[in-house]
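Peer 1: As input, take start13.txt (compact mmCIF, C-alpha atoms and all ligand atoms):
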```txt
# COMPACT_ATOMS: atom_id res chain seq x y z
CA MET M 1 62.66 22.11 11.36
CA ASP M 2 65.60 23.35 13.47
CA GLU M 3 68.86 24.53 11.86
CA ILE M 4 70.74 21.26 12.54
CA THR M 5 67.96 19.12 11.05
CA ARG M 6 67.71 21.42 8.01
CA SER M 7 71.46 21.36 7.25
CA VAL M 8 71.81 17.60 7.87
CA ASN M 9 68.82 16.97 5.63
CA MET M 10 70.42 19.04 2.87
CA LEU M 11 73.45 16.72 2.93
CA TYR M 12 71.44 13.49 2.73
CA GLU M 13 69.11 14.85 0.06
CA ARG M 14 72.17 15.47 -2.10
CA TYR M 15 74.11 12.34 -1.03
CA PRO M 16 71.69 9.58 0.05
CA TYR M 17 73.47 7.18 2.38
CA PRO M 18 74.72 4.45 2.27
CA SER M 19 73.73 3.89 -1.42
CA LEU M 20 75.21 0.40 -1.33
CA PRO M 21 75.64 -1.40 -4.65
CA ILE M 22 72.96 -4.07 -4.16
CA ARG M 23 72.87 -5.88 -7.50
CA ASN M 24 71.36 -9.20 -6.51
CA GLU M 25 69.93 -11.27 -3.65
CA ARG M 26 73.41 -12.30 -2.57
CA ASP M 27 74.40 -8.65 -2.05
CA LEU M 28 71.24 -7.97 -0.03
CA VAL M 29 71.33 -11.09 2.09
CA SER M 30 74.72 -12.76 2.54
CA LYS M 31 77.05 -9.82 1.82
CA LEU M 32 75.08 -7.34 3.91
CA HIS M 33 74.87 -9.92 6.68
CA ALA M 34 78.60 -10.62 6.66
CA ASN M 35 79.60 -6.95 6.42
CA VAL M 36 77.23 -5.31 8.89
CA MET M 37 74.06 -7.09 9.92
CA SER M 38 75.72 -9.93 11.82
CA LYS M 39 77.32 -7.43 14.24
CA ILE M 40 74.12 -5.43 14.61
CA LEU M 41 71.88 -8.46 15.21
CA SER M 42 74.25 -10.22 17.57
CA THR M 43 74.51 -7.09 19.72
CA ALA M 44 70.76 -7.51 20.37
CA GLU M 45 71.09 -11.33 20.64
CA LEU M 46 69.03 -11.73 17.45
CA GLU M 47 69.39 -13.94 14.41
CA PRO M 48 67.99 -13.35 10.94
CA ARG M 49 65.36 -16.08 11.41
CA SER M 50 64.19 -14.57 14.72
CA LEU M 51 62.96 -11.52 12.75
CA CYS M 52 60.23 -13.50 11.00
CA GLY M 53 56.76 -12.19 11.89
CA LYS M 54 58.16 -9.37 14.05
CA GLU M 55 57.31 -5.67 13.86
CA VAL M 56 60.57 -3.86 13.07
CA LEU M 57 61.20 -0.11 12.98
CA ASP M 58 64.22 1.20 11.03
CA ALA M 59 64.48 4.80 12.25
CA GLY M 60 66.66 6.92 9.95
CA CYS M 61 66.69 4.15 7.33
CA GLY M 62 68.70 6.08 4.72
CA THR M 63 68.59 4.25 1.38
CA GLY M 64 66.77 1.31 2.96
CA GLU M 65 69.21 -1.61 2.58
CA LYS M 66 68.76 -2.71 6.20
CA SER M 67 64.97 -2.25 6.00
CA CYS M 68 64.92 -4.54 2.95
CA TYR M 69 67.16 -7.06 4.72
CA PHE M 70 64.68 -7.18 7.66
CA SER M 71 61.76 -7.56 5.26
CA TYR M 72 63.56 -10.31 3.32
CA HIS M 73 63.76 -12.25 6.59
CA GLY M 74 60.01 -12.00 7.10
CA ALA M 75 59.67 -8.97 9.39
CA SER M 76 56.90 -6.43 8.99
CA VAL M 77 59.01 -3.32 8.45
CA THR M 78 58.28 0.34 9.09
CA ALA M 79 61.07 2.66 7.96
CA LEU M 80 61.40 6.41 8.34
CA ASP M 81 63.83 9.07 7.29
CA LEU M 82 63.96 12.83 6.73
CA SER M 83 65.47 12.58 3.27
CA SER M 84 63.09 12.12 0.33
CA SER M 85 65.88 11.08 -2.05
CA SER M 86 67.05 8.38 0.37
CA LEU M 87 63.48 7.12 0.76
CA ALA M 88 63.03 7.07 -3.02
CA ALA M 89 66.16 4.88 -3.29
CA GLY M 90 64.78 2.63 -0.51
CA ARG M 91 61.46 2.26 -2.34
CA ARG M 92 63.27 1.35 -5.58
CA LEU M 93 65.30 -1.28 -3.75
CA ALA M 94 62.22 -2.82 -2.09
CA GLU M 95 60.46 -2.89 -5.46
CA LYS M 96 63.46 -4.56 -7.12
CA PHE M 97 63.29 -7.47 -4.65
CA LYS M 98 59.46 -7.43 -4.34
CA LEU M 99 59.72 -6.69 -0.62
CA LYS M 100 57.16 -4.85 1.49
CA VAL M 101 58.49 -1.92 3.53
CA ASP M 102 56.34 0.93 4.82
CA PHE M 103 58.56 3.97 4.13
CA ASN M 104 57.69 7.28 5.85
CA GLN M 105 59.20 10.73 5.49
CA CYS M 106 59.52 12.43 8.87
CA ASP M 107 61.73 13.41 11.77
CA ILE M 108 62.00 10.74 14.49
CA ALA M 109 60.84 13.43 16.92
CA GLU M 110 57.53 13.76 15.06
CA PHE M 111 56.84 10.14 14.15
CA LYS M 112 53.28 9.13 15.09
CA THR M 113 51.93 5.60 14.90
CA GLU M 114 49.51 3.32 16.71
CA LYS M 115 52.03 0.46 16.34
CA LYS M 116 54.49 -0.82 18.95
CA PHE M 117 57.61 -2.58 17.72
CA ASP M 118 59.43 -5.80 18.67
CA HIS M 119 62.76 -4.52 17.38
CA ILE M 120 63.85 -0.94 16.82
CA PHE M 121 67.06 -0.04 14.98
CA CYS M 122 68.46 3.47 14.77
CA LEU M 123 71.92 3.27 13.27
CA GLY M 124 74.12 6.25 12.60
CA VAL M 125 71.27 8.71 13.02
CA LEU M 126 70.91 10.22 16.51
CA HIS M 127 74.37 11.84 16.47
CA HIS M 128 73.21 13.94 13.49
CA THR M 129 70.27 15.37 15.46
CA SER M 130 69.89 18.36 17.75
CA ASP M 131 68.67 16.29 20.71
CA PRO M 132 69.67 12.59 20.57
CA CYS M 133 68.41 11.86 24.10
CA MET M 134 64.92 13.25 23.35
CA ARG M 135 64.69 11.25 20.10
CA PHE M 136 65.88 8.11 21.90
CA HIS M 137 63.02 8.67 24.37
CA VAL M 138 60.54 8.84 21.45
CA LEU M 139 61.90 5.53 20.07
CA ALA M 140 61.86 3.86 23.50
CA GLY M 141 58.17 4.77 23.78
CA LEU M 142 57.50 2.83 20.55
CA CYS M 143 59.12 -0.39 21.81
CA LYS M 144 57.02 -3.29 23.12
CA PRO M 145 57.83 -4.64 26.60
CA GLY M 146 60.38 -7.41 25.98
CA GLY M 147 61.32 -5.77 22.66
CA THR M 148 64.80 -4.57 21.75
CA ILE M 149 66.22 -1.21 20.79
CA THR M 150 69.58 -0.95 19.04
CA VAL M 151 71.41 2.31 18.36
CA GLY M 152 74.68 3.01 16.57
CA LEU M 153 76.55 6.16 17.55
CA TYR M 154 79.86 7.95 17.09
CA ASN M 155 82.14 7.43 20.05
CA ARG M 156 83.66 10.30 22.01
CA TYR M 157 87.12 8.70 22.14
CA GLY M 158 87.22 6.59 18.98
CA ARG M 159 86.31 9.58 16.85
CA PHE M 160 89.09 11.76 18.22
CA ILE M 161 91.54 11.46 15.29
CA HIS M 162 88.70 11.77 12.84
CA ARG M 163 87.66 15.04 14.48
CA ALA M 164 91.11 16.45 13.79
CA ARG M 165 90.64 15.49 10.13
CA ARG M 166 87.25 17.19 10.01
CA LEU M 167 88.82 20.32 11.44
CA TRP M 168 91.54 20.22 8.76
CA ILE M 169 88.81 19.93 6.07
CA LYS M 170 86.87 22.81 7.61
CA LEU M 171 89.97 25.03 7.72
CA ASN M 172 90.64 24.32 4.04
CA ALA M 173 87.14 24.22 2.59
CA GLY M 174 84.90 26.07 5.08
CA GLU M 175 81.29 25.08 5.83
CA ASP M 176 79.92 24.70 2.31
CA ILE M 177 79.08 21.05 1.55
CA GLN M 178 80.07 21.22 -2.15
CA LYS M 179 83.40 22.89 -1.37
CA ARG M 180 84.10 20.28 1.30
CA MET M 181 83.27 17.45 -1.10
CA SER M 182 85.55 18.86 -3.82
CA PHE M 183 88.37 19.26 -1.31
CA VAL M 184 87.86 15.73 0.06
CA GLU M 185 87.68 14.23 -3.44
CA THR M 186 90.96 15.86 -4.40
CA SER M 187 92.91 15.45 -1.19
CA ILE M 188 91.66 12.10 0.18
CA TYR M 189 90.24 10.24 -2.85
CA ARG M 190 93.01 11.12 -5.32
CA GLY M 191 90.78 13.29 -7.48
CA LYS M 192 87.84 10.96 -8.16
CA PHE M 193 85.25 9.04 -6.16
CA LYS M 194 85.07 5.49 -7.52
CA ASN M 195 81.28 5.21 -7.32
CA THR M 196 78.11 6.60 -5.72
CA HIS M 197 78.62 4.59 -2.54
CA GLU M 198 82.14 5.95 -2.05
CA GLN M 199 80.84 9.47 -2.63
CA ALA M 200 77.98 8.94 -0.14
CA TYR M 201 80.42 7.51 2.39
CA ALA M 202 82.75 10.51 2.00
CA ALA M 203 79.85 12.97 2.34
CA ASP M 204 78.60 11.28 5.51
CA LYS M 205 82.07 11.11 7.01
CA TYR M 206 83.73 14.35 5.94
CA ALA M 207 81.09 16.84 4.78
CA ASN M 208 78.42 16.30 7.40
CA PRO M 209 77.41 19.67 8.84
CA TYR M 210 76.71 18.24 12.28
CA GLU M 211 77.76 15.29 14.43
CA SER M 212 77.88 14.70 18.17
CA TYR M 213 79.91 12.17 20.16
CA HIS M 214 78.71 9.75 22.80
CA SER M 215 79.87 7.14 25.29
CA VAL M 216 78.58 3.73 26.31
CA GLY M 217 78.01 5.05 29.85
CA GLU M 218 75.90 7.90 28.50
CA VAL M 219 73.66 5.54 26.51
CA ILE M 220 73.30 3.26 29.52
CA GLY M 221 72.05 6.41 31.30
CA TRP M 222 69.41 6.81 28.49
CA PHE M 223 68.51 3.12 28.97
CA ASN M 224 68.02 3.57 32.72
CA LYS M 225 65.77 6.61 32.24
CA ASN M 226 63.63 4.71 29.73
CA ASN M 227 63.25 1.41 31.58
CA ILE M 228 65.57 -0.47 29.26
CA THR M 229 68.08 -3.14 30.30
CA TYR M 230 71.45 -3.36 28.56
CA ILE M 231 71.91 -6.46 26.37
CA GLY M 232 75.25 -5.91 24.66
CA SER M 233 77.50 -3.64 22.69
CA HIS M 234 79.86 -3.88 19.73
CA PRO M 235 82.78 -3.57 20.28
CA HIS M 236 82.14 -5.28 23.61
CA THR M 237 82.59 -3.12 26.72
CA GLY M 238 80.48 -4.53 29.57
CA THR M 239 78.57 -2.09 31.77
CA GLY M 240 80.71 -1.13 34.79
CA LYS M 241 81.76 2.54 34.73
CA LEU M 242 85.50 1.88 34.92
CA GLN M 243 85.29 -1.14 32.57
CA THR M 244 83.47 0.83 29.83
CA PHE M 245 85.74 3.84 30.23
CA LEU M 246 88.90 1.71 29.86
CA SER M 247 87.48 -0.14 26.84
CA GLU M 248 86.58 3.14 25.17
CA LEU M 249 90.00 4.63 25.87
CA LYS M 250 91.45 1.76 23.79
CA TRP M 251 89.20 2.84 20.90
CA LEU M 252 91.28 6.02 20.80
CA ILE M 253 94.14 3.97 19.34
CA LYS M 254 92.08 1.32 17.56
CA ARG M 255 89.95 4.09 16.05
CA ASN M 256 86.61 2.43 16.75
CA GLY M 257 84.71 5.56 15.83
CA PHE M 258 81.31 3.87 15.82
CA PHE M 259 79.71 1.66 18.45
CA ILE M 260 76.47 -0.29 18.53
CA ILE M 261 74.54 -0.82 21.75
CA SER M 262 71.34 -2.77 22.43
CA GLY M 263 68.86 -2.93 25.25
CA ARG M 264 65.58 -4.65 26.13
CA LYS M 265 62.47 -2.78 27.24
CA ASN M 266 61.24 -3.98 30.63
C1 LIG H 1 74.36 7.98 8.29
S1 LIG H 1 72.76 7.79 7.64
C2 LIG H 1 72.35 6.18 8.29
C3 LIG H 1 71.42 5.42 7.40
C4 LIG H 1 71.06 4.00 7.88
N1 LIG H 1 70.51 3.99 9.20
C5 LIG H 1 72.26 3.09 7.82
O1 LIG H 1 72.60 2.51 8.86
O2 LIG H 1 72.82 2.92 6.75
C6 LIG H 1 71.78 8.87 8.66
C7 LIG H 1 70.33 8.95 8.18
O3 LIG H 1 69.55 9.57 9.22
C8 LIG H 1 68.60 10.43 8.64
N2 LIG H 1 68.23 11.42 9.67
C9 LIG H 1 69.00 12.38 10.21
N3 LIG H 1 68.32 13.06 11.15
C10 LIG H 1 67.08 12.50 11.20
C11 LIG H 1 65.92 12.75 11.97
N4 LIG H 1 65.91 13.72 12.88
N5 LIG H 1 64.82 11.98 11.77
C12 LIG H 1 64.84 10.99 10.83
N6 LIG H 1 65.91 10.70 10.07
C13 LIG H 1 67.02 11.44 10.25
C14 LIG H 1 69.33 11.02 7.45
O4 LIG H 1 68.46 11.56 6.48
C15 LIG H 1 70.15 9.83 6.95
O5 LIG H 1 69.46 9.11 5.96
```
Have the structure of the file written as structure tokens, please.
Peer 2:
Amino acid sequence: MDEITRSVNMLYERYPYPSLPIRNERDLVSKLHANVMSKILSTAELEPRSLCGKEVLDAGCGTGEKSCYFSYHGASVTALDLSSSSLAAGRRLAEKFKLKVDFNQCDIAEFKTEKKFDHIFCLGVLHHTSDPCMRFHVLAGLCKPGGTITVGLYNRYGRFIHRARRLWIKLNAGEDIQKRMSFVETSIYRGKFKNTHEQAYAADKYANPYESYHSVGEVIGWFNKNNITYIGSHPHTGTGKLQTFLSELKWLIKRNGFFIISGRKN
């Protein structure tokens, strides 16, 4: 395990993400759909019912809410993550709703399977790894021809103001995760995190030891190298170099720190 992977894993072992409060079927299905899944699926031109019977890979599944959502809609789901505590939370969630998800503990870079997938999702993961492009290549190799691959990444421009905040936290609290969390809790969350999800969100956002920043054009470059055709992105940018650059510049003000982009394997 390289130093980046080790330190990132330490964070998610302590603060499994996203640790959403999923109390009932409505939280898992309609709320999750309205809050996040509708954007993710529509970027790949998918609908919940189109997942039925499909092989889905959730790479870097965290606490497994999205994996369970895919399984609820009838997909055969393989999920993987580095963090054992996140996977344990995912397994508990699947058990609670009697859903089948094949959870695996490993680095994307080392994932071995005979399977090929119809739909691959890797959301909020690659920018916490030492070599996002190499891991994207591994995922692309697991995608069936005609299948889709959807990644969510921090944006180079949209994350600009946030980076200044991270620097401020680092100057005040140093590198130690616990010190950063105490500082964040006091200075940003008025002394107390409301619940586990808020704490996990703060850890991911403010105490993460490593994150990298990417552009739509860069990911389209990864697509081209891996025989993948662009389908769509959220927020929408199009594909022309100038068009994507101008859209992303706007994210500087709108603070769209995270973008989702989907492609289809040829
Ligand atoms: C921000 S969370 C995203 C979780 C989930 N994908 C979501 O959308 O809610 C990032 C997750 O990626 C996992 N992760 C980070 N590096 C990884 C790697 N190299 N291989 C597999 N999982 C990794 C972390 O353990 C963590 O659970």
Peer 1: Give me, please, the distance in Å between atom CA of M:Arg49 and atom CA of M:His119, quoted to one decimal.
Peer 2: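 So the two atoms, atom CA of M:Arg49 and atom CA of M:His119, lie 13.3 Å apart.
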Peer 1: Pull the closest atom pair for each residue of chain M that gets at most 7 Å from ligand LIG 1 (chain H), along with the distance in Å to one decimal, counting all atoms listed in the file, ordering rows by chain and then ascending residue number, as JSON lines.
Peer 2:
```
{"residue": "M:Thr5", "atom": "CA", "partner": "H:LIG1", "partner_atom": "N4", "distance": 6.1}
{"residue": "M:Val8", "atom": "CA", "partner": "H:LIG1", "partner_atom": "C9", "distance": 6.4}
{"residue": "M:Asn9", "atom": "CA", "partner": "H:LIG1", "partner_atom": "O4", "distance": 5.5}
{"residue": "M:Tyr12", "atom": "CA", "partner": "H:LIG1", "partner_atom": "O4", "distance": 5.2}
{"residue": "M:Pro16", "atom": "CA", "partner": "H:LIG1", "partner_atom": "O5", "distance": 6.3}
{"residue": "M:Tyr17", "atom": "CA", "partner": "H:LIG1", "partner_atom": "S1", "distance": 5.3}
{"residue": "M:Pro18", "atom": "CA", "partner": "H:LIG1", "partner_atom": "O2", "distance": 5.1}
{"residue": "M:Ala59", "atom": "CA", "partner": "H:LIG1", "partner_atom": "C12", "distance": 6.4}
{"residue": "M:Gly60", "atom": "CA", "partner": "H:LIG1", "partner_atom": "N6", "distance": 3.9}
{"residue": "M:Cys61", "atom": "CA", "partner": "H:LIG1", "partner_atom": "N1", "distance": 4.3}
{"residue": "M:Gly62", "atom": "CA", "partner": "H:LIG1", "partner_atom": "O5", "distance": 3.4}
{"residue": "M:Thr63", "atom": "CA", "partner": "H:LIG1", "partner_atom": "O5", "distance": 6.7}
{"residue": "M:Lys66", "atom": "CA", "partner": "H:LIG1", "partner_atom": "O2", "distance": 7.0}
{"residue": "M:Leu80", "atom": "CA", "partner": "H:LIG1", "partner_atom": "C12", "distance": 6.2}
{"residue": "M:Asp81", "atom": "CA", "partner": "H:LIG1", "partner_atom": "N6", "distance": 3.8}
{"residue": "M:Leu82", "atom": "CA", "partner": "H:LIG1", "partner_atom": "N6", "distance": 4.4}
{"residue": "M:Ser83", "atom": "CA", "partner": "H:LIG1", "partner_atom": "O4", "distance": 4.5}
{"residue": "M:Ser86", "atom": "CA", "partner": "H:LIG1", "partner_atom": "O5", "distance": 6.1}
{"residue": "M:Cys106", "atom": "CA", "partner": "H:LIG1", "partner_atom": "C12", "distance": 5.8}
{"residue": "M:Asp107", "atom": "CA", "partner": "H:LIG1", "partner_atom": "N5", "distance": 3.4}
{"residue": "M:Ile108", "atom": "CA", "partner": "H:LIG1", "partner_atom": "N5", "distance": 4.1}
{"residue": "M:Ala109", "atom": "CA", "partner": "H:LIG1", "partner_atom": "N4", "distance": 6.5}
{"residue": "M:Cys122", "atom": "CA", "partner": "H:LIG1", "partner_atom": "N1", "distance": 6.0}
{"residue": "M:Leu123", "atom": "CA", "partner": "H:LIG1", "partner_atom": "N1", "distance": 4.4}
{"residue": "M:Gly124", "atom": "CA", "partner": "H:LIG1", "partner_atom": "C1", "distance": 4.7}
{"residue": "M:Val125", "atom": "CA", "partner": "H:LIG1", "partner_atom": "O3", "distance": 4.3}
{"residue": "M:Leu126", "atom": "CA", "partner": "H:LIG1", "partner_atom": "N3", "distance": 6.6}
{"residue": "M:His128", "atom": "CA", "partner": "H:LIG1", "partner_atom": "N3", "distance": 5.5}
{"residue": "M:Thr129", "atom": "CA", "partner": "H:LIG1", "partner_atom": "N3", "distance": 5.3}
{"residue": "M:Asp204", "atom": "CA", "partner": "H:LIG1", "partner_atom": "C1", "distance": 6.0}
```
Peer 1: Near stretch 238-251 of chain M, counting all atoms listed in the file, which residues have an atom at most 8 Å away, once you skip same-chain residues fewer than 3 positions from it, shown as JSON, numbers by chain?
Peer 2: {"M": [157, 158, 215, 216, 217, 220, 230, 232, 233, 254, 255, 256, 257]}
Peer 1: Ranking M:Tyr15, M:Phe223, M:Tyr206, M:Tyr189 by minimum distance to M:Asn266 and counting all atoms listed in the file, which one comes first?
Peer 2: M:Phe223
Peer 1: Give me, as a short mmCIF file (atom, residue, chain, number, x, y, z; two decimals) with C-alpha atoms, in the coordinates of the input, all polymer residues having an atom no more than 12 Å from M:Arg23, counting all atoms listed in the file and skipping those fewer than 3 positions away in the same chain.
Peer 2:
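To be explicit, this is the file written out as around_11.cif:
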```cif
data_model
loop_
_atom_site.label_atom_id
_atom_site.label_comp_id
_atom_site.auth_asym_id
_atom_site.auth_seq_id
_atom_site.Cartn_x
_atom_site.Cartn_y
_atom_site.Cartn_z
CA SER M 19 73.73 3.89 -1.42
CA LEU M 20 75.21 0.40 -1.33
CA ARG M 26 73.41 -12.30 -2.57
CA ASP M 27 74.40 -8.65 -2.05
CA LEU M 28 71.24 -7.97 -0.03
CA VAL M 29 71.33 -11.09 2.09
CA LYS M 31 77.05 -9.82 1.82
CA LEU M 32 75.08 -7.34 3.91
CA GLU M 65 69.21 -1.61 2.58
CA LEU M 93 65.30 -1.28 -3.75
CA LYS M 96 63.46 -4.56 -7.12
CA PHE M 97 63.29 -7.47 -4.65
#
```
Peer 1: Compare M:Glu13, M:Asp2, M:Glu45, M:Asp102 by their minimum atom-to-atom distance to M:Ile261, counting only C-alpha atoms, and give me the closest one.
Peer 2: M:Glu45
